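See below for model.pdb, which holds PDB, C-alpha atoms and all ligand atoms.
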```pdb
ATOM      1  CA  MET A 493       0.000   0.000   0.000
ATOM      2  CA  GLY A 494       1.268   3.473  -0.792
ATOM      3  CA  CYS A 495       0.380   6.880   0.686
ATOM      4  CA  SER A 496      -3.117   8.232   0.452
ATOM      5  CA  ALA A 497      -4.489  11.729   0.863
ATOM      6  CA  SER A 498      -6.719  12.222   3.880
ATOM      7  CA  CYS A 499      -9.762  14.517   3.754
ATOM      8  CA  SER A 500      -7.665  17.378   5.125
ATOM      9  CA  GLY A 501      -5.332  17.001   2.156
ATOM     10  CA  ARG A 502      -2.444  15.774   4.335
ATOM     11  CA  ILE A 503      -0.492  12.789   3.112
ATOM     12  CA  VAL A 504      -1.203   9.815   5.348
ATOM     13  CA  HIS A 505       1.360   7.036   5.483
ATOM     14  CA  SER A 506       0.159   3.517   6.053
ATOM     15  CA  ASP A 507       1.703   1.440   8.842
ATOM     16  CA  ASP A 508       3.529  -0.554   6.179
ATOM     17  CA  ASP A 509       5.141   2.577   4.749
ATOM     18  CA  LYS A 510       6.185   3.811   8.161
ATOM     19  CA  ILE A 511       7.982   0.635   9.217
ATOM     20  CA  LYS A 512       9.569   0.285   5.786
ATOM     21  CA  ASP A 513      11.193   3.697   6.241
ATOM     22  CA  ALA A 514      12.333   3.024   9.820
ATOM     23  CA  LYS A 515      15.977   2.449  10.673
ATOM     24  CA  ILE A 516      16.347  -1.305  11.066
ATOM     25  CA  ILE A 517      19.340  -3.068  12.613
ATOM     26  CA  PHE A 518      19.584  -6.855  12.706
ATOM     27  CA  VAL A 519      21.472  -8.282  15.692
ATOM     28  CA  VAL A 520      22.749 -11.753  14.885
ATOM     29  CA  GLY A 521      24.961 -14.098  16.881
ATOM     30  CA  GLY A 522      24.924 -17.499  18.514
ATOM     31  CA  PRO A 523      22.894 -18.323  21.609
ATOM     32  CA  GLY A 524      24.560 -16.695  24.592
ATOM     33  CA  SER A 525      26.857 -14.540  22.463
ATOM     34  CA  GLY A 526      25.613 -11.405  24.255
ATOM     35  CA  LYS A 527      23.018 -10.002  21.871
ATOM     36  CA  GLY A 528      20.523  -9.112  24.586
ATOM     37  CA  THR A 529      23.228  -7.566  26.781
ATOM     38  CA  GLN A 530      24.426  -5.266  24.000
ATOM     39  CA  CYS A 531      20.914  -4.376  22.856
ATOM     40  CA  GLU A 532      20.059  -3.116  26.343
ATOM     41  CA  LYS A 533      23.032  -0.773  26.188
ATOM     42  CA  VAL A 534      22.065   0.466  22.730
ATOM     43  CA  VAL A 535      18.575   1.253  24.027
ATOM     44  CA  ALA A 536      20.063   3.258  26.904
ATOM     45  CA  LYS A 537      22.405   5.289  24.693
ATOM     46  CA  TYR A 538      20.457   5.686  21.450
ATOM     47  CA  GLY A 539      16.799   5.224  22.384
ATOM     48  CA  TYR A 540      16.230   2.495  19.824
ATOM     49  CA  THR A 541      13.423   0.022  20.303
ATOM     50  CA  HIS A 542      14.681  -3.455  21.175
ATOM     51  CA  LEU A 543      12.643  -6.334  19.812
ATOM     52  CA  SER A 544      14.002  -9.747  20.764
ATOM     53  CA  SER A 545      12.306 -12.406  18.679
ATOM     54  CA  GLY A 546      12.943 -14.927  21.451
ATOM     55  CA  ASP A 547      11.330 -12.623  24.046
ATOM     56  CA  LEU A 548       8.272 -12.132  21.839
ATOM     57  CA  LEU A 549       7.914 -15.895  21.533
ATOM     58  CA  ARG A 550       8.400 -16.406  25.267
ATOM     59  CA  ALA A 551       5.696 -13.805  25.963
ATOM     60  CA  GLU A 552       3.309 -15.818  23.812
ATOM     61  CA  VAL A 553       4.238 -18.972  25.752
ATOM     62  CA  ALA A 554       3.684 -17.141  29.058
ATOM     63  CA  SER A 555       0.208 -16.073  27.939
ATOM     64  CA  GLY A 556      -0.829 -19.723  28.112
ATOM     65  CA  SER A 557      -2.476 -19.605  24.673
ATOM     66  CA  GLU A 558      -2.825 -22.693  22.484
ATOM     67  CA  ARG A 559      -0.304 -21.197  20.087
ATOM     68  CA  GLY A 560       2.039 -20.642  23.033
ATOM     69  CA  LYS A 561       1.901 -24.339  23.917
ATOM     70  CA  THR A 562       2.949 -25.313  20.416
ATOM     71  CA  LEU A 563       5.783 -22.769  20.509
ATOM     72  CA  GLN A 564       7.018 -23.985  23.879
ATOM     73  CA  ALA A 565       7.415 -27.543  22.545
ATOM     74  CA  ILE A 566       9.454 -26.339  19.570
ATOM     75  CA  MET A 567      11.714 -24.051  21.621
ATOM     76  CA  GLN A 568      12.294 -26.737  24.238
ATOM     77  CA  LYS A 569      13.766 -28.879  21.460
ATOM     78  CA  GLY A 570      16.013 -26.051  20.286
ATOM     79  CA  GLU A 571      14.291 -25.911  16.900
ATOM     80  CA  LEU A 572      13.007 -22.956  14.896
ATOM     81  CA  VAL A 573       9.357 -21.951  15.047
ATOM     82  CA  PRO A 574       7.544 -21.437  11.722
ATOM     83  CA  LEU A 575       8.795 -18.381   9.939
ATOM     84  CA  ASP A 576       5.451 -16.604   9.573
ATOM     85  CA  THR A 577       4.737 -16.817  13.303
ATOM     86  CA  VAL A 578       7.847 -14.893  14.319
ATOM     87  CA  LEU A 579       7.610 -12.449  11.449
ATOM     88  CA  ASP A 580       4.002 -11.515  12.239
ATOM     89  CA  MET A 581       4.918 -10.940  15.884
ATOM     90  CA  ILE A 582       7.850  -8.713  14.953
ATOM     91  CA  LYS A 583       5.784  -6.737  12.473
ATOM     92  CA  ASP A 584       2.965  -6.122  14.975
ATOM     93  CA  ALA A 585       5.490  -5.020  17.609
ATOM     94  CA  MET A 586       7.131  -2.627  15.135
ATOM     95  CA  ILE A 587       3.835  -1.080  14.109
ATOM     96  CA  ALA A 588       2.955  -0.518  17.769
ATOM     97  CA  LYS A 589       6.169   1.471  18.320
ATOM     98  CA  VAL A 590       6.948   3.085  14.996
ATOM     99  CA  ASP A 591       5.624   6.546  15.862
ATOM    100  CA  VAL A 592       7.820   6.887  18.943
ATOM    101  CA  SER A 593      10.872   4.940  17.822
ATOM    102  CA  LYS A 594      14.235   6.211  16.604
ATOM    103  CA  GLY A 595      14.947   2.846  15.063
ATOM    104  CA  PHE A 596      14.609  -0.862  15.685
ATOM    105  CA  LEU A 597      17.034  -3.463  16.961
ATOM    106  CA  ILE A 598      15.799  -6.802  15.740
ATOM    107  CA  ASP A 599      17.556  -9.248  18.085
ATOM    108  CA  GLY A 600      17.883 -12.935  17.226
ATOM    109  CA  TYR A 601      16.536 -12.534  13.726
ATOM    110  CA  PRO A 602      16.968 -13.652  10.970
ATOM    111  CA  ARG A 603      17.826 -17.188  12.070
ATOM    112  CA  GLU A 604      18.083 -18.422   8.497
ATOM    113  CA  VAL A 605      18.456 -16.743   5.105
ATOM    114  CA  LYS A 606      14.809 -17.353   4.256
ATOM    115  CA  GLN A 607      13.702 -15.408   7.353
ATOM    116  CA  GLY A 608      15.735 -12.440   6.157
ATOM    117  CA  GLU A 609      14.240 -12.608   2.681
ATOM    118  CA  GLU A 610      10.702 -12.740   4.032
ATOM    119  CA  PHE A 611      11.383  -9.875   6.445
ATOM    120  CA  GLU A 612      12.470  -7.710   3.543
ATOM    121  CA  LYS A 613       9.392  -8.630   1.525
ATOM    122  CA  LYS A 614       6.954  -7.938   4.336
ATOM    123  CA  ILE A 615       8.703  -5.141   6.243
ATOM    124  CA  GLY A 616      11.839  -3.557   4.807
ATOM    125  CA  ALA A 617      15.607  -3.668   4.462
ATOM    126  CA  PRO A 618      18.121  -3.447   7.340
ATOM    127  CA  CYS A 619      20.782  -0.722   7.190
ATOM    128  CA  LEU A 620      23.186  -2.640   9.464
ATOM    129  CA  LEU A 621      23.772  -6.164  10.707
ATOM    130  CA  LEU A 622      25.626  -6.420  14.004
ATOM    131  CA  TYR A 623      27.307  -9.800  14.081
ATOM    132  CA  ILE A 624      27.980 -10.584  17.742
ATOM    133  CA  ASP A 625      30.731 -13.172  17.631
ATOM    134  CA  ALA A 626      31.896 -15.415  20.470
ATOM    135  CA  LYS A 627      33.530 -18.849  20.547
ATOM    136  CA  GLY A 628      31.329 -21.902  20.892
ATOM    137  CA  GLU A 629      32.804 -22.813  24.262
ATOM    138  CA  THR A 630      32.259 -19.255  25.519
ATOM    139  CA  MET A 631      28.606 -19.335  24.516
ATOM    140  CA  VAL A 632      28.035 -22.690  26.221
ATOM    141  CA  LYS A 633      29.724 -21.437  29.398
ATOM    142  CA  ARG A 634      27.628 -18.251  29.463
ATOM    143  CA  LEU A 635      24.383 -20.088  28.837
ATOM    144  CA  MET A 636      25.041 -22.694  31.537
ATOM    145  CA  LYS A 637      25.659 -19.817  33.937
ATOM    146  CA  ARG A 638      22.589 -17.920  32.740
ATOM    147  CA  GLY A 639      20.584 -21.135  33.150
ATOM    148  CA  GLU A 640      21.200 -21.037  36.910
ATOM    149  CA  THR A 641      18.883 -18.040  37.179
ATOM    150  CA  SER A 642      17.106 -17.452  33.852
ATOM    151  CA  GLY A 643      14.305 -19.947  34.390
ATOM    152  CA  ARG A 644      14.490 -20.600  30.635
ATOM    153  CA  SER A 645      13.661 -24.208  29.901
ATOM    154  CA  ASP A 646      16.010 -24.136  26.899
ATOM    155  CA  ASP A 647      19.054 -23.089  28.963
ATOM    156  CA  ASN A 648      20.075 -26.690  29.658
ATOM    157  CA  GLU A 649      23.043 -28.626  28.292
ATOM    158  CA  GLU A 650      21.150 -30.750  25.785
ATOM    159  CA  THR A 651      19.083 -27.929  24.275
ATOM    160  CA  ILE A 652      22.064 -25.557  24.252
ATOM    161  CA  LYS A 653      23.970 -28.032  22.095
ATOM    162  CA  LYS A 654      21.092 -28.245  19.623
ATOM    163  CA  ARG A 655      20.714 -24.455  19.487
ATOM    164  CA  LEU A 656      24.413 -24.100  18.816
ATOM    165  CA  ASP A 657      24.394 -26.732  16.038
ATOM    166  CA  LEU A 658      21.428 -25.026  14.413
ATOM    167  CA  TYR A 659      23.148 -21.668  14.715
ATOM    168  CA  TYR A 660      26.202 -22.874  12.798
ATOM    169  CA  LYS A 661      24.115 -24.630  10.185
ATOM    170  CA  ALA A 662      21.250 -22.192   9.568
ATOM    171  CA  THR A 663      22.232 -18.784  10.954
ATOM    172  CA  GLU A 664      25.861 -18.354   9.957
ATOM    173  CA  PRO A 665      24.873 -18.350   6.248
ATOM    174  CA  VAL A 666      22.793 -15.247   7.054
ATOM    175  CA  ILE A 667      26.019 -13.372   7.749
ATOM    176  CA  ALA A 668      27.526 -14.321   4.381
ATOM    177  CA  PHE A 669      24.280 -13.314   2.686
ATOM    178  CA  TYR A 670      24.359  -9.760   4.105
ATOM    179  CA  SER A 671      28.155  -9.403   3.877
ATOM    180  CA  SER A 672      27.845  -9.154   0.120
ATOM    181  CA  ARG A 673      25.761  -6.031   0.700
ATOM    182  CA  GLY A 674      28.435  -4.455   2.859
ATOM    183  CA  ILE A 675      26.218  -3.927   5.915
ATOM    184  CA  VAL A 676      27.793  -6.470   8.298
ATOM    185  CA  ARG A 677      29.889  -5.277  11.247
ATOM    186  CA  LYS A 678      31.556  -8.118  13.113
ATOM    187  CA  ILE A 679      31.857  -7.480  16.829
ATOM    188  CA  ASP A 680      34.244  -9.495  19.002
ATOM    189  CA  SER A 681      32.118 -10.502  21.972
ATOM    190  CA  GLU A 682      34.906 -12.219  23.897
ATOM    191  CA  LEU A 683      35.922  -8.833  25.309
ATOM    192  CA  PRO A 684      34.462  -7.320  28.501
ATOM    193  CA  VAL A 685      30.892  -6.031  28.002
ATOM    194  CA  ASP A 686      31.819  -2.325  27.931
ATOM    195  CA  GLU A 687      34.562  -2.849  25.376
ATOM    196  CA  VAL A 688      32.194  -4.848  23.213
ATOM    197  CA  PHE A 689      29.750  -1.956  23.472
ATOM    198  CA  GLY A 690      32.441   0.496  22.368
ATOM    199  CA  HIS A 691      32.631  -1.387  19.057
ATOM    200  CA  VAL A 692      28.849  -1.628  18.780
ATOM    201  CA  ALA A 693      28.538   2.138  19.310
ATOM    202  CA  LYS A 694      31.161   2.818  16.636
ATOM    203  CA  ALA A 695      29.156   0.756  14.150
ATOM    204  CA  ILE A 696      25.962   2.650  14.966
ATOM    205  CA  ASP A 697      27.672   6.039  14.894
ATOM    206  CA  GLY A 698      28.850   5.165  11.398
ATOM    207  CA  LEU A 699      25.270   5.091  10.145
ATOM    208  CA  LYS A 700      24.052   8.119   8.244
TER     209      LYS A 700
HETATM  210  N1  LIG B 801      13.549 -15.943  14.765
HETATM  211  C1  LIG B 801      13.461 -16.848  15.731
HETATM  212  C2  LIG B 801      13.846 -16.531  17.049
HETATM  213  C3  LIG B 801      13.743 -17.513  18.013
HETATM  214  N2  LIG B 801      13.271 -18.738  17.688
HETATM  215  C4  LIG B 801      13.144 -19.795  18.689
HETATM  216  C5  LIG B 801      14.292 -20.751  18.642
HETATM  217  C6  LIG B 801      15.168 -20.334  19.799
HETATM  218  O1  LIG B 801      15.914 -21.405  20.308
HETATM  219  C7  LIG B 801      14.161 -19.798  20.793
HETATM  220  C8  LIG B 801      14.699 -18.755  21.731
HETATM  221  O2  LIG B 801      15.166 -17.650  20.979
HETATM  222  P1  LIG B 801      16.232 -16.653  21.599
HETATM  223  O3  LIG B 801      16.647 -15.695  20.530
HETATM  224  O4  LIG B 801      15.785 -16.082  22.856
HETATM  225  O5  LIG B 801      17.303 -17.717  21.950
HETATM  226  P2  LIG B 801      18.818 -17.843  21.830
HETATM  227  O6  LIG B 801      19.212 -18.592  22.985
HETATM  228  O7  LIG B 801      19.306 -18.462  20.576
HETATM  229  O8  LIG B 801      19.294 -16.417  21.915
HETATM  230  P3  LIG B 801      19.643 -15.770  23.244
HETATM  231  O9  LIG B 801      19.856 -16.775  24.280
HETATM  232  O10 LIG B 801      20.897 -15.306  22.630
HETATM  233  O11 LIG B 801      18.728 -14.696  23.593
HETATM  234  O12 LIG B 801      13.117 -19.251  19.974
HETATM  235  C9  LIG B 801      12.895 -19.019  16.406
HETATM  236  O13 LIG B 801      12.488 -20.127  16.129
HETATM  237  N3  LIG B 801      12.986 -18.079  15.437
HETATM  238  N1  LIG B 802      31.986 -12.056  30.135
HETATM  239  C1  LIG B 802      31.003 -11.628  29.370
HETATM  240  N2  LIG B 802      29.766 -12.099  29.603
HETATM  241  C2  LIG B 802      28.775 -11.671  28.792
HETATM  242  C3  LIG B 802      29.012 -10.742  27.743
HETATM  243  N3  LIG B 802      27.834 -10.495  27.113
HETATM  244  C4  LIG B 802      26.914 -11.265  27.737
HETATM  245  N4  LIG B 802      27.452 -11.966  28.757
HETATM  246  C5  LIG B 802      26.755 -12.895  29.615
HETATM  247  O1  LIG B 802      26.393 -14.005  28.790
HETATM  248  C6  LIG B 802      25.052 -14.435  29.021
HETATM  249  C7  LIG B 802      24.241 -14.401  27.731
HETATM  250  O2  LIG B 802      24.053 -13.072  27.369
HETATM  251  P1  LIG B 802      22.735 -12.593  26.618
HETATM  252  O3  LIG B 802      22.865 -11.125  26.430
HETATM  253  O4  LIG B 802      21.532 -13.147  27.258
HETATM  254  O5  LIG B 802      23.011 -13.290  25.208
HETATM  255  P2  LIG B 802      22.082 -13.628  24.004
HETATM  256  O6  LIG B 802      21.707 -15.062  24.227
HETATM  257  O7  LIG B 802      22.974 -13.490  22.796
HETATM  258  O8  LIG B 802      20.939 -12.674  24.008
HETATM  259  C8  LIG B 802      24.478 -13.506  30.074
HETATM  260  O9  LIG B 802      24.454 -14.190  31.291
HETATM  261  C9  LIG B 802      25.430 -12.314  30.093
HETATM  262  O10 LIG B 802      25.564 -11.770  31.381
HETATM  263  C10 LIG B 802      30.351 -10.247  27.552
HETATM  264  O11 LIG B 802      30.647  -9.440  26.664
HETATM  265  N5  LIG B 802      31.291 -10.733  28.403
HETATM  266 MG    MG B 803      18.788 -12.917  24.077
END
```
When written as structure tokens, how does the structure in this file appear?
Ligand SMILES: Nc1ccn([C@H]2C[C@H](O)[C@@H](COP(=O)(O)OP(=O)(O)OP(=O)(O)O)O2)c(=O)n1
Ligand SMILES: Nc1nc2c(ncn2[C@@H]2O[C@H](COP(=O)(O)OP(=O)(O)O)[C@@H](O)[C@H]2O)c(=O)[nH]1
Ligand SMILES: [Mg+2]
Amino acid sequence: MGCSASCSGRIVHSDDDKIKDAKIIFVVGGPGSGKGTQCEKVVAKYGYTHLSSGDLLRAEVASGSERGKTLQAIMQKGELVPLDTVLDMIKDAMIAKVDVSKGFLIDGYPREVKQGEEFEKKIGAPCLLLYIDAKGETMVKRLMKRGETSGRSDDNEETIKKRLDLYYKATEPVIAFYSSRGIVRKIDSELPVDEVFGHVAKAIDGLK
């Protein structure tokens, strides 16, 4: 849908147009790489809206809905939920915030190249992909620690291993896909949190 003139003669932009024109940053990295930690700091400094696809799914599970029950079973196994489900949730959340948002951090998405392609068809193109990179053993260590307090049913050794395998198989190709467009900034997430953030901030400051 394009713009349409309202009765006052003002141009009215549809929700689709507004989110298409928003600043969109994808935050991609393995489970436990530190995506959520860095996104929180970006929100504090830049006022972007943080949308974690995993958090949106967990909110649906917490609601106790039938759909939530299906999602819970998939996430418990460390698998990916159907593409349309996540995409619709992200789109609704973006529309709800677009009028007050300086930009969007889409955390934990895309998980596979197809998710990225569909996002661009239904929503718009990212201007930056932050690739939060940590070693496999680091991610496992962080998640086992997080599991002591997170209450997340997927923060256990068996599911962590499956999430990591799926990350290497399905998500890493996403990085190659966007690298060819020149929008990927690789961030070394083995450093202390504040140093990692220094590099994240530099990448964001580089945006026009
Ligand atoms: N686009 C997405 C995002 C998430 N999920 C599912 C699979 C994940 O295992 C689960 C939890 O997502 P998170 O992003 O919260 O999980 P991660 O552990 O991979 O990321 P993190 O721990 O880094 O927040 O939700 C999915 O299928 N598709
Ligand atoms: N040492 C260290 N720990 C981190 C860093 N970033 C995140 N963590 C910890 O690693 C765990 C996973 O981080 P989180 O942000 O949830 O990662 P996500 O799974 O990628 O969203 C958390 O317990 C964090 O406290 C970092 O840069 N250094
Ligand atoms: Mg997270």
Would you write out, as number ranges by chain, every residue that the PyMOL selection byres (((not hetatm)) within 10 of (chain B and resi 803)) captures in this file?
-> A: 519, 521-531, 543-547, 599-600
How would the residues just chosen look if you wrote them out with C-alpha atoms as a compact mmCIF listing (two decimals), keeping the file's coordinate frame?
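What landed in again-v5.txt:
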```txt
# COMPACT_ATOMS: atom_id res chain seq x y z
CA VAL A 519 21.47 -8.28 15.69
CA GLY A 521 24.96 -14.10 16.88
CA GLY A 522 24.92 -17.50 18.51
CA PRO A 523 22.89 -18.32 21.61
CA GLY A 524 24.56 -16.70 24.59
CA SER A 525 26.86 -14.54 22.46
CA GLY A 526 25.61 -11.40 24.26
CA LYS A 527 23.02 -10.00 21.87
CA GLY A 528 20.52 -9.11 24.59
CA THR A 529 23.23 -7.57 26.78
CA GLN A 530 24.43 -5.27 24.00
CA CYS A 531 20.91 -4.38 22.86
CA LEU A 543 12.64 -6.33 19.81
CA SER A 544 14.00 -9.75 20.76
CA SER A 545 12.31 -12.41 18.68
CA GLY A 546 12.94 -14.93 21.45
CA ASP A 547 11.33 -12.62 24.05
CA ASP A 599 17.56 -9.25 18.08
CA GLY A 600 17.88 -12.94 17.23
```
Got a sec to resolve the PyMOL selection byres (((chain A and resi 578) around 12) and not hetatm) on this structure and send the residues as a PyMOL selection string?
-> chain A and resi 543-552+559-560+563+572-577+579-585+598-603+607-608+610-611
Restrict the selected residues to C-alpha atoms and save them as an mmCIF file, in the frame of the given file.
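out_36.cif was written with the following content:
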```cif
data_model
loop_
_atom_site.group_PDB
_atom_site.id
_atom_site.type_symbol
_atom_site.label_atom_id
_atom_site.label_comp_id
_atom_site.auth_asym_id
_atom_site.auth_seq_id
_atom_site.Cartn_x
_atom_site.Cartn_y
_atom_site.Cartn_z
ATOM 1 C CA LEU A 543 12.643 -6.334 19.812
ATOM 2 C CA SER A 544 14.002 -9.747 20.764
ATOM 3 C CA SER A 545 12.306 -12.406 18.679
ATOM 4 C CA GLY A 546 12.943 -14.927 21.451
ATOM 5 C CA ASP A 547 11.330 -12.623 24.046
ATOM 6 C CA LEU A 548 8.272 -12.132 21.839
ATOM 7 C CA LEU A 549 7.914 -15.895 21.533
ATOM 8 C CA ARG A 550 8.400 -16.406 25.267
ATOM 9 C CA ALA A 551 5.696 -13.805 25.963
ATOM 10 C CA GLU A 552 3.309 -15.818 23.812
ATOM 11 C CA ARG A 559 -0.304 -21.197 20.087
ATOM 12 C CA GLY A 560 2.039 -20.642 23.033
ATOM 13 C CA LEU A 563 5.783 -22.769 20.509
ATOM 14 C CA LEU A 572 13.007 -22.956 14.896
ATOM 15 C CA VAL A 573 9.357 -21.951 15.047
ATOM 16 C CA PRO A 574 7.544 -21.437 11.722
ATOM 17 C CA LEU A 575 8.795 -18.381 9.939
ATOM 18 C CA ASP A 576 5.451 -16.604 9.573
ATOM 19 C CA THR A 577 4.737 -16.817 13.303
ATOM 20 C CA LEU A 579 7.610 -12.449 11.449
ATOM 21 C CA ASP A 580 4.002 -11.515 12.239
ATOM 22 C CA MET A 581 4.918 -10.940 15.884
ATOM 23 C CA ILE A 582 7.850 -8.713 14.953
ATOM 24 C CA LYS A 583 5.784 -6.737 12.473
ATOM 25 C CA ASP A 584 2.965 -6.122 14.975
ATOM 26 C CA ALA A 585 5.490 -5.020 17.609
ATOM 27 C CA ILE A 598 15.799 -6.802 15.740
ATOM 28 C CA ASP A 599 17.556 -9.248 18.085
ATOM 29 C CA GLY A 600 17.883 -12.935 17.226
ATOM 30 C CA TYR A 601 16.536 -12.534 13.726
ATOM 31 C CA PRO A 602 16.968 -13.652 10.970
ATOM 32 C CA ARG A 603 17.826 -17.188 12.070
ATOM 33 C CA GLN A 607 13.702 -15.408 7.353
ATOM 34 C CA GLY A 608 15.735 -12.440 6.157
ATOM 35 C CA GLU A 610 10.702 -12.740 4.032
ATOM 36 C CA PHE A 611 11.383 -9.875 6.445
#
```
Report as a ChimeraX atom specification the residues that result from applying the PyMOL selection byres (((chain A and resi 647) around 10) and not hetatm) to the structure here.
-> /A:523-524,568,570,632,634-646,648-653,655
Straight-line distance linking atom CA of A:Asp508 with atom CA of A:Ala588, stated in Å to one decimal |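 The value is 11.6 Å.
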Tell me which protein, DNA and RNA residues are within 8 Å of A:Lys594, counting all atoms listed in the file, leaving out same-chain ones fewer than 4 positions away, and put them as a compact mmCIF listing (two decimals) with C-alpha atoms, in the coordinates of the input.
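Output contents, as saved in selection_0.txt:
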```
# COMPACT_ATOMS: atom_id res chain seq x y z
CA ALA A 514 12.33 3.02 9.82
CA LYS A 515 15.98 2.45 10.67
CA TYR A 538 20.46 5.69 21.45
CA GLY A 539 16.80 5.22 22.38
CA TYR A 540 16.23 2.50 19.82
CA THR A 541 13.42 0.02 20.30
```
Listed atoms of stretch 538-546 of chain A boxed along x, y and z, 4 Å each side, centre and edge lengths in Å, one decimal, as JSON:
```
{"center_x": 16.4, "center_y": -4.6, "center_z": 20.5, "size_x": 16.2, "size_y": 28.6, "size_z": 11.7}
```
Show me as a PyMOL selection string the residues that reach within 6 Å of (3.9, 3.9, 11.8), counting only C-alpha atoms and using the file's own coordinates.
-> chain A and resi 507+510-511+587+590-591
For the atom pair atom CA of A:Met567 and atom CA of A:Thr663, what is the interatomic distance in Å to one decimal place?
->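 Result for atom CA of A:Met567 versus atom CA of A:Thr663: 15.9 Å, one decimal.
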Distance of atom CA of A:Met586 from atom P1 of ligand LIG 802 (chain B), expressed in Å to one decimal place =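 The value is 21.8 Å.
Nearest-residue note for A:Glu612: choosing from A:Ile516, A:Ala536, A:Val504, A:Ala565, the minimum distance belongs to A:Ile516, counting all atoms listed in the file.
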Considering all atoms listed in the file, state which residue in the set A:Lys589, A:Lys654, A:Phe596, A:Ser506 is at the smallest distance from A:Cys619.
->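 Smallest distance to A:Cys619 is found for A:Phe596.
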Counting all atoms listed in the file, the residue of A:Tyr623, A:Phe689, A:Tyr659, A:Tyr670 that sits nearest ligand LIG 801 (chain B) = A:Tyr659
Nearest to ligand LIG 802 (chain B) among A:Glu558, A:Glu629, A:Glu664, A:Glu532, with distances taken over all atoms listed in the file: which residue is it?
->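 Selected residue with least distance to ligand LIG 802 (chain B): A:Glu532.
The smallest atom-to-atom distance between A:Val605 and any of A:Ile696, A:Val685, A:Val666, A:Val553, using only C-alpha atoms, is found for A:Val666.
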Rank nothing, just name the residue among A:Lys694, A:Lys569, A:His542, A:Lys613 nearest to ligand LIG 801 (chain B), using all atoms listed in the file.
->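 The closest residue to ligand LIG 801 (chain B) is A:Lys569.
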Please provide as a ChimeraX atom specification all residues within 9 Å of stretch 672-675 of chain A, with the sequence filter that same-chain residues fewer than 3 positions apart are discarded (counting only C-alpha atoms).
-> /A:618-622,667-669
